[in-house]
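K.L.:
My structure file final23.cif, mmCIF, C-alpha atoms, is below:
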data_target
loop_
_atom_site.label_atom_id
_atom_site.label_comp_id
_atom_site.auth_asym_id
_atom_site.auth_seq_id
_atom_site.Cartn_x
_atom_site.Cartn_y
_atom_site.Cartn_z
CA MET A 188 -2.00 0.44 -12.71
CA VAL A 189 -2.94 3.82 -11.24
CA PRO A 190 -3.69 3.70 -7.48
CA ARG A 191 -6.96 5.08 -6.22
CA PHE A 192 -7.03 8.43 -4.42
CA GLU A 193 -7.87 6.71 -1.12
CA LYS A 194 -4.75 4.54 -1.27
CA ARG A 195 -2.48 7.57 -1.57
CA VAL A 196 -4.26 9.39 1.24
CA ARG A 197 -4.10 6.34 3.53
CA ALA A 198 -0.39 5.89 2.77
CA PHE A 199 0.35 9.53 3.61
CA ALA A 200 -1.80 9.31 6.75
CA ALA A 201 0.14 6.24 7.92
CA ASP A 202 3.45 8.03 7.33
CA ILE A 203 2.46 11.30 8.97
CA SER A 204 0.75 9.67 11.97
CA GLY A 205 4.08 8.36 13.28
CA LEU A 206 5.54 11.85 13.11
CA ILE A 207 2.51 13.39 14.81
CA ILE A 208 2.57 10.82 17.63
CA ILE A 209 6.24 11.57 18.32
CA PHE A 210 5.53 15.32 18.12
CA ILE A 211 2.78 15.01 20.73
CA LEU A 212 4.91 12.81 22.98
CA THR A 213 7.83 15.22 22.85
CA ALA A 214 5.60 18.25 23.40
CA PHE A 215 3.99 16.84 26.53
CA GLY A 216 6.37 14.10 27.61
CA LEU A 217 9.43 16.23 28.27
CA ALA A 218 7.87 18.58 30.81
CA ASN A 219 10.35 17.67 33.57
CA ILE A 220 13.41 18.62 31.50
CA ASP A 221 15.06 22.02 31.96
CA ASP A 222 13.51 24.68 29.69
CA SER A 223 16.91 25.76 28.33
CA ILE A 224 17.56 22.42 26.63
CA ARG A 225 14.03 21.04 26.13
CA SER A 226 13.53 22.63 22.69
CA TYR A 227 16.86 21.23 21.47
CA ILE A 228 15.95 17.75 22.65
CA GLN A 229 12.51 18.01 21.06
CA ALA A 230 14.00 19.15 17.74
CA ALA A 231 16.59 16.36 17.80
CA ILE A 232 13.93 13.73 18.51
CA LEU A 233 11.68 15.04 15.71
CA ILE A 234 14.52 15.17 13.18
CA LEU A 235 15.63 11.66 14.13
CA THR A 236 12.04 10.39 13.85
CA PHE A 237 11.66 12.05 10.43
CA PHE A 238 14.88 10.37 9.29
CA ILE A 239 13.80 6.95 10.59
CA LEU A 240 10.22 7.07 9.26
CA VAL A 241 10.63 8.97 5.99
CA ILE A 242 14.24 9.15 4.80
CA PHE A 243 15.60 5.74 5.90
CA PRO A 244 12.90 3.75 4.01
CA GLN A 245 13.91 5.63 0.85
CA LEU A 246 17.47 4.42 1.32
CA THR A 247 16.50 0.80 1.90
CA LYS A 248 13.26 0.14 0.02
CA ALA A 249 13.33 2.47 -2.98
CA GLY A 250 10.04 4.21 -3.62
CA GLN A 251 8.16 2.91 -0.59
CA THR A 252 7.70 4.40 2.82
CA PHE A 253 5.90 2.44 5.53
CA GLY A 254 2.51 3.80 4.40
CA LYS A 255 3.18 3.03 0.76
CA ARG A 256 4.17 -0.54 1.63
CA LEU A 257 0.93 -0.96 3.60
CA GLN A 258 -1.10 0.27 0.62
CA LYS A 259 1.01 -1.61 -1.95
CA ILE A 260 1.91 1.48 -3.96
CA LYS A 261 5.29 2.71 -5.13
CA VAL A 262 6.95 5.84 -6.54
CA VAL A 263 8.58 5.38 -9.96
CA ASN A 264 9.93 7.60 -12.73
CA MET A 265 7.57 8.51 -15.57
CA ASP A 266 9.00 5.66 -17.68
CA GLY A 267 8.35 3.13 -14.90
CA SER A 268 11.97 2.77 -13.81
CA ASN A 269 13.08 3.14 -10.20
CA PRO A 270 14.05 6.73 -9.34
CA SER A 271 17.36 7.55 -7.70
CA LYS A 272 17.50 7.64 -3.92
CA PHE A 273 18.40 11.33 -4.14
CA LYS A 274 15.23 12.04 -6.14
CA LEU A 275 13.07 10.07 -3.68
CA ILE A 276 14.55 11.84 -0.65
CA GLY A 277 14.19 15.23 -2.33
CA ARG A 278 10.56 14.45 -3.18
CA GLU A 279 9.75 13.51 0.42
CA ILE A 280 11.55 16.55 1.88
CA PHE A 281 9.74 18.81 -0.61
CA LYS A 282 6.37 17.29 0.29
CA TYR A 283 6.84 17.52 4.06
CA PHE A 284 8.50 20.96 3.98
CA PHE A 285 5.63 22.52 2.06
CA SER A 286 3.06 20.66 4.14
CA ILE A 287 4.54 22.04 7.35
CA ALA A 288 5.30 25.52 5.95
CA THR A 289 1.68 25.95 4.78
CA PHE A 290 0.17 24.32 7.90
CA GLY A 291 -1.18 21.42 5.85
CA LEU A 292 -2.70 23.49 3.06
CA TYR A 293 -0.17 22.13 0.55
CA SER A 294 -1.24 18.56 1.36
CA VAL A 295 -4.89 19.39 0.78
CA VAL A 296 -4.19 21.19 -2.51
CA ALA A 297 -1.75 18.49 -3.68
CA PHE A 298 -4.14 15.62 -3.03
CA PHE A 299 -7.19 17.34 -4.47
CA THR A 300 -5.32 18.25 -7.64
CA LEU A 301 -4.26 14.61 -7.97
CA SER A 302 -4.52 13.50 -11.57
CA GLU A 303 -5.90 9.97 -11.69
CA LYS A 304 -6.96 9.63 -15.30
CA HIS A 305 -3.78 8.18 -16.75
CA VAL A 306 -1.12 8.58 -14.08
CA SER A 307 -1.30 9.28 -10.39
CA ARG A 308 0.57 12.57 -9.95
CA THR A 309 0.48 15.37 -7.43
CA ILE A 310 2.40 18.66 -7.40
CA HIS A 311 5.56 17.08 -5.97
CA ASP A 312 5.34 14.32 -8.60
CA TYR A 313 5.32 16.95 -11.35
CA VAL A 314 8.29 18.74 -9.78
CA PHE A 315 10.36 15.54 -9.50
CA LYS A 316 8.99 13.88 -12.67
CA THR A 317 7.63 10.83 -10.85
CA LYS A 318 4.35 8.97 -10.58
CA VAL A 319 2.86 6.48 -8.15
CA ILE A 320 1.87 3.00 -9.30
CA ASP A 321 -0.32 0.36 -7.69
CA LEU A 322 1.50 -2.92 -7.04
CA ASP A 323 -1.64 -4.78 -5.96
CA THR A 324 -2.66 -6.96 -8.90
CA SER A 325 -5.33 -8.93 -7.05
CA VAL A 326 -8.61 -9.47 -8.89
CA GLN A 327 -10.52 -7.53 -6.24
CA ASN A 328 -8.26 -4.46 -6.57
CA VAL A 329 -8.36 -4.50 -10.38
CA ARG A 330 -12.15 -4.83 -10.32
CA MET A 331 -12.44 -1.94 -7.83
CA ASN A 332 -10.26 0.30 -10.01
CA GLU A 333 -12.27 -0.51 -13.13
CA THR A 334 -15.64 0.15 -11.49
CA LEU A 335 -14.45 3.58 -10.35
CA GLN A 336 -13.35 4.61 -13.84
CA THR A 337 -15.76 6.45 -16.10
CA LYS A 338 -16.36 5.39 -19.69
CA THR A 339 -14.13 8.23 -20.94
CA MET A 340 -11.33 7.18 -18.60
CA LYS A 341 -11.52 3.59 -19.87
CA GLU A 342 -11.50 4.68 -23.52
CA THR A 343 -8.51 6.99 -23.10
CA ARG A 344 -6.43 4.72 -20.88
CA LEU A 345 -2.75 4.61 -21.75
CA LYS A 346 -1.43 1.12 -22.31
#
Take the structure in this file and express it as structure tokens.
P.N.:
Amino acid sequence: MVPRFEKRVRAFAADISGLIIIFILTAFGLANIDDSIRSYIQAAILILTFFILVIFPQLTKAGQTFGKRLQKIKVVNMDGSNPSKFKLIGREIFKYFFSIATFGLYSVVAFFTLSEKHVSRTIHDYVFKTKVIDLDTSVQNVRMNETLQTKTMKETRLK
């Protein structure tokens, strides 16, 4: 099942919020440290946090970061199989690199160009040949997805 737009945004927000909190804490919490080494310590803390929050979950729980687990969505290959850990890590690094390099503009463009008709894919999904699926099969979630679909979307749904 294709996850709703809101689920993907909430999953990304949960993932990025941990990084932002650590960024703020390191920016303001290390004021008493010598200026010559403060930037190195800040960079080390941010890289370690990125590894713990984004990369490590890809190594342990394939296809699901903390935010994706909360929203019950998962990254899979186009055929539905589990992608390699290398592909998942590359996808996440690509997504965060371009989000940071464009000051968040990539995230906005990627999520608003999200294709929800048949498969849930953003720019980084097209690059890495992946899609995101919804693991929540509860009646309420299925009903919500069906009410949001237009008649054309229901008629052209891929089985």
K.L.:
Within 8 Å of range 264-281 of chain A, counting all atoms listed in the file, which residues show up once you throw out same-chain ones fewer than 6 positions away? Write them as a list in words, please.
P.N.:
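My reading of the contact set: Val241, Ile242, Gln245, Leu246, Ala249, Gly250, His311, Asp312, Phe315, Lys316, Thr317 and Lys318 of chain A.
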K.L.:
Give me the residues near Phe237 in chain A as a PDB file with C-alpha atoms, in the coordinates of the input, where near means some atom within 9 Å (using only C-alpha atoms) and where sequence neighbours in that chain fewer than 5 positions away do not count.
P.N.:
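File written: part_10.pdb
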ATOM      1  CA  GLY A 205       4.080   8.360  13.280  1.00  0.00           C
ATOM      2  CA  LEU A 206       5.540  11.850  13.110  1.00  0.00           C
ATOM      3  CA  ILE A 232      13.930  13.730  18.510  1.00  0.00           C
ATOM      4  CA  ILE A 242      14.240   9.150   4.800  1.00  0.00           C
ATOM      5  CA  PHE A 243      15.600   5.740   5.900  1.00  0.00           C
TER       6      PHE A 243
END
K.L.:
CA of Asp321 in chain A to CA of Lys255 in chain A: how many Å, to one decimal?
P.N.:
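Interatomic distance here is 9.5 Å.
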K.L.:
Within 10 Å of (7.5, 15.0, 23.2) (coordinates as in the file), grab all the protein and nucleic acid residues, counting all atoms listed in the file, and write them out as number ranges by chain.
P.N.:
A: 207-218, 225-226, 228-230, 232-233
K.L.:
Please determine, counting all atoms listed in the file, which residue among A:Thr247, A:Lys282, A:Ser307, A:Asp222 has the shortest atom-to-atom distance to Val319 in chain A.
P.N.:
A:Ser307
K.L.:
Using Å and a single decimal, report how far CA of Thr309 in chain A sits from CA of Leu292 in chain A.
P.N.:
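Answer for the CA of Leu292 in chain A to CA of Thr309 in chain A separation: 13.6 Å.
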K.L.:
Pick from A:Phe192, A:Phe238, A:Phe199, A:Phe298: nearest to Gly254 in chain A, with only C-alpha atoms counted?
P.N.:
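Closest residue, counting only C-alpha atoms: A:Phe199.
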K.L.:
Between CA of Asp202 in chain A and CA of Phe253 in chain A, what is the spacing in Å?
P.N.:
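CA of Asp202 in chain A lies 6.4 Å from CA of Phe253 in chain A.
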K.L.:
Got a sec: who's within 10 Å of Leu257 in chain A, counting all atoms listed in the file, leaving out chain neighbours fewer than 2 positions off, as a list in words?
P.N.:
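My reading of the contact set: Lys194, Arg197, Ala198, Ala201, Gln251, Thr252, Phe253, Gly254, Lys255, Lys259 and Ile260 of chain A.
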K.L.:
Write a file of the just-selected residues containing C-alpha atoms, as a PDB file, in the coordinates of the input.
P.N.:
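Final output, again_36.pdb:
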ATOM      1  CA  LYS A 194      -4.750   4.540  -1.270  1.00  0.00           C
ATOM      2  CA  ARG A 197      -4.100   6.340   3.530  1.00  0.00           C
ATOM      3  CA  ALA A 198      -0.390   5.890   2.770  1.00  0.00           C
ATOM      4  CA  ALA A 201       0.140   6.240   7.920  1.00  0.00           C
ATOM      5  CA  GLN A 251       8.160   2.910  -0.590  1.00  0.00           C
ATOM      6  CA  THR A 252       7.700   4.400   2.820  1.00  0.00           C
ATOM      7  CA  PHE A 253       5.900   2.440   5.530  1.00  0.00           C
ATOM      8  CA  GLY A 254       2.510   3.800   4.400  1.00  0.00           C
ATOM      9  CA  LYS A 255       3.180   3.030   0.760  1.00  0.00           C
ATOM     10  CA  LYS A 259       1.010  -1.610  -1.950  1.00  0.00           C
ATOM     11  CA  ILE A 260       1.910   1.480  -3.960  1.00  0.00           C
TER      12      ILE A 260
END
